[in-house]
Amino acid sequence: MESIQRTIQLRLKPTRHDGEGQRVAEAAQRHLGLRTGRVQSTALYTVRYPLTDEQLHSFATRCLQDPVLHDVALDEFRPIDSIYKSYILVAKLPGVTDDEGISAQNALGDFLNQPLDTHTQHIFSKRLYFLEHELPAQDLRRLAEELLGNKMINRFETGPLSELRDYTPRPGGGADAITELVPLVGLTDEELVKLSKDNLYALNLEEMRAVRDHYATIAAEREDAGLPADPTDCELEIIAQTWSEHCKHKEFSAVINYKDAATGETKQIDSLFKTYIRNATAEVDRQLRQNGNDWLIKVFSDNAGAVRINPESLFVWKVETHNSPSAIDPYGGAITGILGNNRDPLATGIGGARLLFNTNVLCFGNPEFSGELLTNQLHPRRIFEGVRKGIEDGGNKSGVPTVNGSIVFDDRYAGKPLVYCGTGAVMPMQLAGQDSWEKKIDPQDRIIMAGGRVGKDGIHGATFSSIELDETSPATAVQIGSPITQKLAMDFLIIATRRGLIKCSTDNGAGGLSSSVGELATISGGAVVELEKVPLKYSGLRPWEIFVSESQERFSLAVEPARLDELLALGREMEVELTDIGYFTADGYLDVRFAGEAVAKLDMHFLHDGVPRKVLEAELAPVAAQEPTLPAETDYTDTLRRLLGSLNICSRESVIRQYDHEVKGRTVVKPLMGATGQAPQDAAVVRFNFESWEGVAVSNGILPRYGDLDAYQMSAGSFDEAVRQIIAVGGKLPNLTPGDGTFWSVNDNFCVPDSVYDPATNPDGKHKLAKLVQMCEALRDATAAYCIPLTSGKDSMKNDFKADGVKISVPPTVLYSMTAKMDDVRRAMTSDFKQQDDVVYLIGETYDELGGSEFYALHGELGANVPQVRFDKAKELYTLVGEANDQHLIQSCHDLSDGGLAVALAEATFGYGFGADVELTGELSLTAQLFSESHSRFVATVAPEDVVAFEALLKGRATRLGTVTGNGRLTVRHAGQVVVDADVAELRDVWSNGPVNKVIGLDLDAVRNANEGSTSGLG
Amino acid sequence: MEDKPLMPDLNTPPHQQRDDTPPPQTADGNFLVPGFKSVDTGHETTEPLKSQQEQAENQKPKTQNQLVQALILTGFGINCEEEFAAAYRLAGAEPTIVHLNQVLHGEVSIHDFDILNFPGGFSFGDDLGSGVVLANKLRYRKNAEGRTLLDDIRQFIAEGKFVLGICNGFQVLVKLGLLPDLAGNVTPEVTLTHNASGRYEDRWVRLKVNPAANTPFLKGMDTLEVPVRHGEGRLIISDEATREHIVQRGLNVLTYCDASGCEVSAYPHNPNGADLNCAGLTDTTGQVFGLMPHPEAYLSLYNHPEWTRRKRQDPTLSEEGDGLRIFRNIVEHVQQHATQLHVEAASAS
């Protein structure tokens, strides 16, 4: 079949507008400053399958061509007319998932009405672009690599049209299945360290020594068992994956010697996780249970946390990060982040939860950055656009609504962006008569791999994310996601679990099979894996590569032998590839074989508990900060405008609208609401189903700026922000009344720069670690104060990018992602002013806390007075707001955050264009009253008839500011003067035309022109 | 994180043990669950807590076999089947979600149903153009008897039954040539392609029903609000004669309009630049109906972006969404038709 290779080209008919070509031309000009002239885009399908000319022609015209849009050319690579001078061909590298090619192959099978051998790729999709101008080779290559593809995934051919070269990947070839030995005994410390670095084990000296010593002690035992004394490559890879920071959280489990330089106080912390997270949640759980609230079902011990919604179902919640891959390949990193995070709830307990929603929080550098980039550093705008597209495809194509999110900008995210992906899901308490949240495995149960095939993509993802990025970071660490493959696997899991065919499941994420099987094997006490059975995308993988590959969309399932046939039949029916790759044992070993030969045999106890504990040093250095002296404020209206148009406050509509936020038909509070569709909301509210009004509120708290002043208050503030957002949409604190069943489920995600002290490479490591300790202390205090438990979480400890001798480190960042039960989603509140003459209140107290505020940032200042969380007062207030909402006393409620009261008032007018007339009478300076970002505050409106009841209930915690007006103006008075006066439509305009919508937004004129072309229907 | 379960997993939480009589079993002890006809129709156990009013309505006169039967296809990336099923359930019909392969392999026959539904989603990832691969499968994949599903669908329509496609489902019907099918030979006459904006968008639009529309799906409706959520919803009618036919026969049943109900071509009212500002089409019989926007995503008042204000203004406002009316319409139409047949049959005997 070697000789047969035919190519089908689809090009738009000359009368059709080539939108893609136009976008390429515009983007080349806008982002790269390249003038391409006109660009024509065409699609190529190279067919490597024996077809007659007639078959090929019929397939092309009947299956691929849209007769209204396309012309078809066979075995031609020509543009439609002769004006074009250059070309760029974008093909895929060998082994890279080619969904479009596979779909075309699927169509060919249908067309021929015969099953095609799915183990071979017969059709390869490519794009071919023709450019009007003759561009130099380097510009074409730049255009290709920066706009049209990614050099780690794509192969580009470029040049003048006269020299057009085709490229079709030829997967396969390469080494045979070889397992090598890696001798450790006798290696010096330097050699151990070098070995770890060269092989990307990401293990430090002490860990390498522990491995070496372990092998020395078991040498005789291994020889008795017929095994080599030295470790195999596979064994070391398994140890490296399992011991990676990503999988083992070594720094969160370390012993930390903490010292506060200012007070001289010292203490030893025995694991941040145990001390501040697990123990704190255990205490919360005790209090909850004491009060008859027993909804905490599963915390920290599975892929996602689970809480009980009602006697029949569980809510499953997981948030994690995908930072390193997103820095290298923003689109691929983000889409695999979403899909990978989706697999966590899907594979919690027995598995088969139904996904309810996604949420995303993103941290980027300034997209309008105009300085020099470091080697292999991607421009923040490119990262932003790529990540956004990845989230769009990952969520939309999976049919999971992206119900809310947040984007934070700070130049320190320009090296490594933070990409947090969250997923909520619902699972029945019982699946085929079993407790759904339990994972049970017995010896002899089969290990089934479900989903996609294994390739070299994503090898070393787990270890790779545990080191800092530099210019030599490996290409193989990037995975390629296929939402459709995963959707098929997801549909399959849902049915298989409900039929009782699966005992339990876990996802193949970081570390691939080595992690998933390794973890499941701890339940039964061992496993035998037969790697030769694992289906591959192409030949040439070594056994260790098969075992650690992070090829996506895969699950590992534990299946009773008696159920195997039924399960495999279901897989065939639903077109999900299932492979029996071994069985569970109870002998205490992870035993990996390839065609009967030993590839790895590891003592599970050593594998999971043998990692040496780290001892780390933390020392808090005092932060020198002071309040700035600013020139007297003259034009508050203008300041408000500038705040509304600033990067961290302006509208994200162009991003939000490209995410499907209402598939499944259950989203009750969407990210943007109101008649304008532009009123930003504090938290999302989603119904669980169509038959009850129970639902869940979802929020995100993240405030990295405050960490520059006080890491404790930053973390406490982030926690409070997420809590008050849920209160603002009508949620209630947990445990207020016995047995109220109001579950809360919180995930913590710490993303910090390298915090391990090293005198040469990380001289301020101790201070960074001390900040992390403070963040954890705040977390403990917050959970205790609100009685809100953590259910799962993640930490990412090496968020640094190093190149050309420069290091860009993220600011210490923590995200609290919260979910809380709403008994009746019809009681949800939204932020927008709804009716003229409603009375406007400020709920909560304002302090002189401009430190770290957006107002100071506007003046290039940081200040000192960081907002403090006063937990007791906050809790009392939130309880009162909940009661007021119960009594139907609140018409709108918006939490105060970036930009303070002034921004919150403006945002509340965006839904319907009502104005407000308010007067500030507090004792603080006007600047503080308007722009201070003190926590635990809301702007709310109350109907005139409810004012008396509302004020009586709030007991002085609400300050009457004024009324909602119908004149479309926001007017703020102070001491007899009008200090802010603006047309709300104009404010909304400033906010909507901020930098984010400009960077990501539509060229409205172009869209209008394109729409002009459409004809009228009703006349 | 690193530690093994210590709490609360060890104190197993109290939960209600169900008194579950096991489902019927085969001789070897496996559960017998028929096909993919999921008992939970895509919902978890929390879901069937119907409001008492609905329950009373549904229980009123009908017996099981009198319920209108709606077949909802899923699989291969289709993802709106759950809300589709909810829509039919709320409209008083019995929805059945079935994997496409069950139908292609002949395990489920579309002829046992009254309404065939193609939900939205990303069938086959929209590779090769939205809906193309699925349409191709329906047209070419033959079952054991050598029939394609398209053969069955044509027969289904000829028998006077109904086909509904939303979003990706509409794209499938158009690429298959079932819409608008002016010539009656199921050949694609129009197409749906990338939005003029070049991007996927989720936003709410207002639609005007063409007064000349002749389809039970839209009976008695004038305007409705619904969300659009697509990247390839721009209807292109390249042929002048085709366009005239469509307009003449009122097949462009839904038109994007502004808040006052006037047709507009301006973005974002017309979110994709569609020809005729058209959001939905029927075939010449009115039995096949497809539209880009998602009526199944507006089943309840609380889906609407303005629901909080509307409820403030009118606390007695109906809790039903505009989208549900389409499903009520077709279910009622099929019911009445069935009653009519019943009456005719009775009087004939």
# chains A, B, ... in the order shown; residues from 1 in each chain; ligands from 1
>>> residues_around(residues="range 196-209 of chain B", least_positions_apart="6", cutoff="6 Å", atoms="only C-alpha atoms", output="PyMOL selection string")
(chain A and resi 657-658+660+1007+1010) or (chain B and resi 222-231+253-257+272-273)
>>> write_last_selection(atoms="C-alpha atoms", output="CSV table (one decimal), in the first residue's frame")
chain,number,residue,atom,x,y,z
A,657,ARG,CA,-19.5,34.5,25.3
A,658,GLN,CA,-17.2,32.0,23.6
A,660,ASP,CA,-21.1,27.7,26.4
A,1007,VAL,CA,-18.8,41.6,11.6
A,1010,ALA,CA,-20.2,40.5,6.9
B,222,ASP,CA,-45.4,34.8,17.4
B,223,THR,CA,-42.0,35.5,19.0
B,224,LEU,CA,-39.8,33.7,21.4
B,225,GLU,CA,-36.5,34.3,23.2
B,226,VAL,CA,-33.8,31.6,23.2
B,227,PRO,CA,-30.1,31.2,23.6
B,228,VAL,CA,-27.8,30.6,20.6
B,229,ARG,CA,-24.7,28.6,21.2
B,230,HIS,CA,-22.8,27.8,18.1
B,231,GLY,CA,-19.9,28.6,15.8
B,253,VAL,CA,-40.0,29.8,9.8
B,254,LEU,CA,-37.8,31.6,12.4
B,255,THR,CA,-36.2,35.0,11.9
B,256,TYR,CA,-33.8,36.8,14.1
B,257,CYS,CA,-35.4,40.0,15.3
B,272,ASN,CA,-24.2,34.7,12.7
B,273,GLY,CA,-25.0,36.6,9.5
>>> select_by_dssp(residues="range 163-337 of chain B", states="strand (DSSP E or B)", output="PyMOL selection string")
chain B and resi 163-166+191-193+201-209+223-230+234-236+254-257+263+278-282+288-291+300+320
>>> residues_around(residues="Tyr140 in chain B", least_positions_apart="2", cutoff="12 Å", atoms="only C-alpha atoms", output="list in words")
Phe59, Arg62, Cys63, Asn106, Ala107, Leu108, Gly109, Asp110, Phe111, Leu112, Asn113 and Gln114 of chain A; Leu104, Val133, Leu134, Ala135, Asn136, Lys137, Leu138, Lys142, Asn143, Gly146, Arg147, Thr148, Leu149, Leu150, Asp151 and Leu176 of chain B
>>> residues_around(residues="range 383-389 of chain A", least_positions_apart="3", cutoff="10 Å", atoms="only C-alpha atoms", output="PyMOL selection string")
chain A and resi 147+326-335+337+360+362-367+377-380+392-395+407+414-417+419+655-656+658-659+996+999-1000
>>> select_by_dssp(residues="range 115-323 of chain B", states="alpha helix (DSSP H)", output="number ranges by chain")
B: 132-140, 149-158, 168-176, 240-248, 307-313, 323
>>> residues_around(residues="Ile102 in chain A", least_positions_apart="3", cutoff="10 Å", atoms="only C-alpha atoms", output="ChimeraX atom specification")
/A:97-99,105-108,118,120-125 /B:124,127
>>> write_last_selection(atoms="N, CA and C atoms", output="JSON list (two decimals), in the first residue's frame")
[["chain", "number", "residue", "atom", "x", "y", "z"],
["A", 97, "THR", "N", -2.36, 13.09, 17.69],
["A", 97, "THR", "CA", -3.78, 12.80, 17.46],
["A", 97, "THR", "C", -4.33, 13.66, 16.33],
["A", 98, "ASP", "N", -4.94, 13.03, 15.36],
["A", 98, "ASP", "CA", -5.50, 13.76, 14.22],
["A", 98, "ASP", "C", -6.99, 13.45, 14.17],
["A", 99, "ASP", "N", -7.76, 14.16, 15.00],
["A", 99, "ASP", "CA", -9.19, 13.89, 15.10],
["A", 99, "ASP", "C", -9.89, 14.05, 13.76],
["A", 105, "GLN", "N", -11.79, 9.33, 8.14],
["A", 105, "GLN", "CA", -11.65, 7.89, 7.98],
["A", 105, "GLN", "C", -12.96, 7.19, 8.35],
["A", 106, "ASN", "N", -13.56, 7.67, 9.42],
["A", 106, "ASN", "CA", -14.86, 7.18, 9.85],
["A", 106, "ASN", "C", -15.88, 7.35, 8.70],
["A", 107, "ALA", "N", -15.85, 8.53, 8.09],
["A", 107, "ALA", "CA", -16.77, 8.81, 6.99],
["A", 107, "ALA", "C", -16.48, 7.89, 5.80],
["A", 108, "LEU", "N", -15.20, 7.63, 5.56],
["A", 108, "LEU", "CA", -14.84, 6.75, 4.44],
["A", 108, "LEU", "C", -15.39, 5.34, 4.70],
["A", 118, "THR", "N", -9.07, 0.13, 12.17],
["A", 118, "THR", "CA", -8.88, 1.37, 12.92],
["A", 118, "THR", "C", -7.49, 1.47, 13.54],
["A", 120, "THR", "N", -4.80, 1.48, 11.95],
["A", 120, "THR", "CA", -3.92, 2.22, 11.06],
["A", 120, "THR", "C", -4.59, 3.53, 10.69],
["A", 121, "GLN", "N", -3.83, 4.58, 10.65],
["A", 121, "GLN", "CA", -4.41, 5.83, 10.20],
["A", 121, "GLN", "C", -4.32, 5.88, 8.68],
["A", 122, "HIS", "N", -5.46, 6.03, 8.03],
["A", 122, "HIS", "CA", -5.50, 6.02, 6.58],
["A", 122, "HIS", "C", -5.66, 7.42, 6.00],
["A", 123, "ILE", "N", -6.21, 8.33, 6.78],
["A", 123, "ILE", "CA", -6.45, 9.67, 6.26],
["A", 123, "ILE", "C", -5.79, 10.69, 7.18],
["A", 124, "PHE", "N", -5.08, 11.62, 6.57],
["A", 124, "PHE", "CA", -4.32, 12.62, 7.33],
["A", 124, "PHE", "C", -4.84, 14.00, 6.95],
["A", 125, "SER", "N", -5.27, 14.76, 7.94],
["A", 125, "SER", "CA", -5.78, 16.09, 7.61],
["A", 125, "SER", "C", -4.66, 17.12, 7.70],
["B", 124, "PHE", "N", -19.04, 14.03, 16.32],
["B", 124, "PHE", "CA", -17.73, 13.80, 15.72],
["B", 124, "PHE", "C", -16.88, 15.07, 15.74],
["B", 127, "ASP", "N", -15.60, 17.83, 13.12],
["B", 127, "ASP", "CA", -14.56, 17.66, 12.12],
["B", 127, "ASP", "C", -15.24, 17.57, 10.76]]
>>> residues_around(residues="range 180-195 of chain B", least_positions_apart="3", cutoff="8 Å", atoms="only C-alpha atoms", output="number ranges by chain")
A: 66-69; B: 129-130, 171, 174-177, 198-200, 231-238, 242, 245-246, 251, 271-274, 281-284
>>> write_last_selection(atoms="N, CA and C atoms", output="mmCIF file, in the first residue's frame")
data_model
loop_
_atom_site.group_PDB
_atom_site.id
_atom_site.type_symbol
_atom_site.label_atom_id
_atom_site.label_comp_id
_atom_site.auth_asym_id
_atom_site.auth_seq_id
_atom_site.Cartn_x
_atom_site.Cartn_y
_atom_site.Cartn_z
ATOM 1 N N ASP A 66 -18.732 20.398 0.860
ATOM 2 C CA ASP A 66 -20.037 21.026 1.015
ATOM 3 C C ASP A 66 -20.305 21.701 -0.325
ATOM 4 N N PRO A 67 -21.239 21.153 -1.103
ATOM 5 C CA PRO A 67 -21.385 21.640 -2.477
ATOM 6 C C PRO A 67 -21.711 23.129 -2.555
ATOM 7 N N VAL A 68 -22.294 23.664 -1.485
ATOM 8 C CA VAL A 68 -22.607 25.093 -1.502
ATOM 9 C C VAL A 68 -21.335 25.918 -1.338
ATOM 10 N N LEU A 69 -20.362 25.362 -0.630
ATOM 11 C CA LEU A 69 -19.205 26.163 -0.249
ATOM 12 C C LEU A 69 -17.922 25.842 -1.018
ATOM 13 N N GLY B 129 -16.624 19.840 9.236
ATOM 14 C CA GLY B 129 -17.786 20.715 9.157
ATOM 15 C C GLY B 129 -18.870 20.130 10.032
ATOM 16 N N SER B 130 -19.620 21.030 10.708
ATOM 17 C CA SER B 130 -20.565 20.549 11.705
ATOM 18 C C SER B 130 -21.631 19.654 11.076
ATOM 19 N N GLN B 171 -27.932 21.161 11.864
ATOM 20 C CA GLN B 171 -26.842 21.057 10.897
ATOM 21 C C GLN B 171 -26.868 19.691 10.204
ATOM 22 N N VAL B 174 -29.675 19.618 7.676
ATOM 23 C CA VAL B 174 -29.361 20.428 6.493
ATOM 24 C C VAL B 174 -28.312 19.716 5.628
ATOM 25 N N LYS B 175 -27.289 19.192 6.259
ATOM 26 C CA LYS B 175 -26.221 18.544 5.481
ATOM 27 C C LYS B 175 -26.729 17.251 4.840
ATOM 28 N N LEU B 176 -27.737 16.676 5.462
ATOM 29 C CA LEU B 176 -28.318 15.461 4.922
ATOM 30 C C LEU B 176 -29.252 15.777 3.753
ATOM 31 N N GLY B 177 -29.716 17.012 3.701
ATOM 32 C CA GLY B 177 -30.643 17.382 2.640
ATOM 33 C C GLY B 177 -32.099 17.207 3.023
ATOM 34 N N GLY B 198 -16.823 34.704 12.900
ATOM 35 C CA GLY B 198 -15.694 33.785 12.931
ATOM 36 C C GLY B 198 -15.535 33.093 14.266
ATOM 37 N N ARG B 199 -16.502 33.246 15.147
ATOM 38 C CA ARG B 199 -16.325 32.646 16.465
ATOM 39 C C ARG B 199 -17.608 32.013 16.985
ATOM 40 N N TYR B 200 -17.382 31.116 17.927
ATOM 41 C CA TYR B 200 -18.480 30.510 18.661
ATOM 42 C C TYR B 200 -19.027 31.562 19.626
ATOM 43 N N GLY B 231 -20.916 27.988 16.633
ATOM 44 C CA GLY B 231 -19.879 28.645 15.838
ATOM 45 C C GLY B 231 -20.162 28.526 14.353
ATOM 46 N N GLU B 232 -21.067 27.612 14.006
ATOM 47 C CA GLU B 232 -21.359 27.386 12.584
ATOM 48 C C GLU B 232 -22.857 27.418 12.365
ATOM 49 N N GLY B 233 -23.443 28.618 12.515
ATOM 50 C CA GLY B 233 -24.890 28.702 12.403
ATOM 51 C C GLY B 233 -25.358 29.605 11.284
ATOM 52 N N ARG B 234 -24.407 30.002 10.432
ATOM 53 C CA ARG B 234 -24.761 30.950 9.379
ATOM 54 C C ARG B 234 -25.359 30.198 8.195
ATOM 55 N N LEU B 235 -26.644 30.429 7.990
ATOM 56 C CA LEU B 235 -27.324 29.773 6.875
ATOM 57 C C LEU B 235 -26.915 30.454 5.575
ATOM 58 N N ILE B 236 -26.494 29.649 4.622
ATOM 59 C CA ILE B 236 -26.117 30.182 3.309
ATOM 60 C C ILE B 236 -27.029 29.556 2.268
ATOM 61 N N ILE B 237 -27.712 30.427 1.548
ATOM 62 C CA ILE B 237 -28.546 29.952 0.440
ATOM 63 C C ILE B 237 -27.945 30.572 -0.807
ATOM 64 N N SER B 238 -27.169 29.799 -1.533
ATOM 65 C CA SER B 238 -26.396 30.422 -2.602
ATOM 66 C C SER B 238 -27.232 30.608 -3.863
ATOM 67 N N THR B 242 -33.612 28.914 -5.085
ATOM 68 C CA THR B 242 -33.851 28.211 -3.829
ATOM 69 C C THR B 242 -34.362 29.187 -2.787
ATOM 70 N N HIS B 245 -37.943 30.123 -3.414
ATOM 71 C CA HIS B 245 -38.836 29.036 -3.024
ATOM 72 C C HIS B 245 -39.045 28.996 -1.518
ATOM 73 N N ILE B 246 -37.921 29.117 -0.818
ATOM 74 C CA ILE B 246 -37.994 29.038 0.641
ATOM 75 C C ILE B 246 -38.911 30.134 1.176
ATOM 76 N N LEU B 251 -40.832 28.576 4.379
ATOM 77 C CA LEU B 251 -40.051 27.556 5.079
ATOM 78 C C LEU B 251 -39.039 28.165 6.050
ATOM 79 N N PRO B 271 -26.990 36.747 15.088
ATOM 80 C CA PRO B 271 -25.681 36.496 15.676
ATOM 81 C C PRO B 271 -24.662 35.909 14.713
ATOM 82 N N ASN B 272 -25.119 35.443 13.553
ATOM 83 C CA ASN B 272 -24.192 34.702 12.700
ATOM 84 C C ASN B 272 -24.146 35.174 11.262
ATOM 85 N N GLY B 273 -25.001 36.146 10.902
ATOM 86 C CA GLY B 273 -24.993 36.625 9.517
ATOM 87 C C GLY B 273 -25.789 35.743 8.568
ATOM 88 N N ALA B 274 -26.746 34.986 9.100
ATOM 89 C CA ALA B 274 -27.515 34.046 8.269
ATOM 90 C C ALA B 274 -28.277 34.773 7.164
ATOM 91 N N LEU B 281 -35.573 26.337 9.809
ATOM 92 C CA LEU B 281 -36.232 25.955 8.568
ATOM 93 C C LEU B 281 -37.172 24.776 8.814
ATOM 94 N N THR B 282 -38.204 24.674 7.981
ATOM 95 C CA THR B 282 -38.937 23.407 7.919
ATOM 96 C C THR B 282 -38.837 22.885 6.499
ATOM 97 N N ASP B 283 -39.204 21.631 6.321
ATOM 98 C CA ASP B 283 -39.319 21.120 4.959
ATOM 99 C C ASP B 283 -40.695 21.518 4.433
ATOM 100 N N THR B 284 -41.025 21.065 3.257
ATOM 101 C CA THR B 284 -42.281 21.524 2.653
ATOM 102 C C THR B 284 -43.501 20.935 3.342
#
>>> residues_around(residues="range 808-817 of chain A", least_positions_apart="4", cutoff="7 Å", atoms="only C-alpha atoms", output="number ranges by chain")
A: 412-413, 415, 699-702, 704, 707, 715, 718-719, 722, 746-753, 799-802
>>> closest_residue(among="B:Gly169, B:Glu320, B:Tyr88, B:Val108", to="Trp307 in chain B", atoms="only C-alpha atoms")
B:Glu320
>>> closest_atom_pairs(of="range 249-344 of chain B", to="range 673-680 of chain A", cutoff="9 Å", atoms="only C-alpha atoms", output="CSV")
residue,atom,partner,partner_atom,distance
B:His304,CA,A:Met673,CA,8.5
B:Pro305,CA,A:Met673,CA,4.7
B:Glu306,CA,A:Gly674,CA,4.8
B:Trp307,CA,A:Gly674,CA,8.2
B:Thr308,CA,A:Gly674,CA,8.4
B:Arg309,CA,A:Gly674,CA,7.9
>>> atom_distance(atom1="CA of Asn323 in chain A", atom2="CA of Ala489 in chain A")
25.2 Å
>>> atom_distance(atom1="CA of Ile4 in chain A", atom2="CA of Gln65 in chain A")
21.7 Å
>>> closest_residue(among="A:Lys151, A:Lys794, A:His605, A:Arg652", to="Cys421 in chain A", atoms="only C-alpha atoms")
A:Lys794
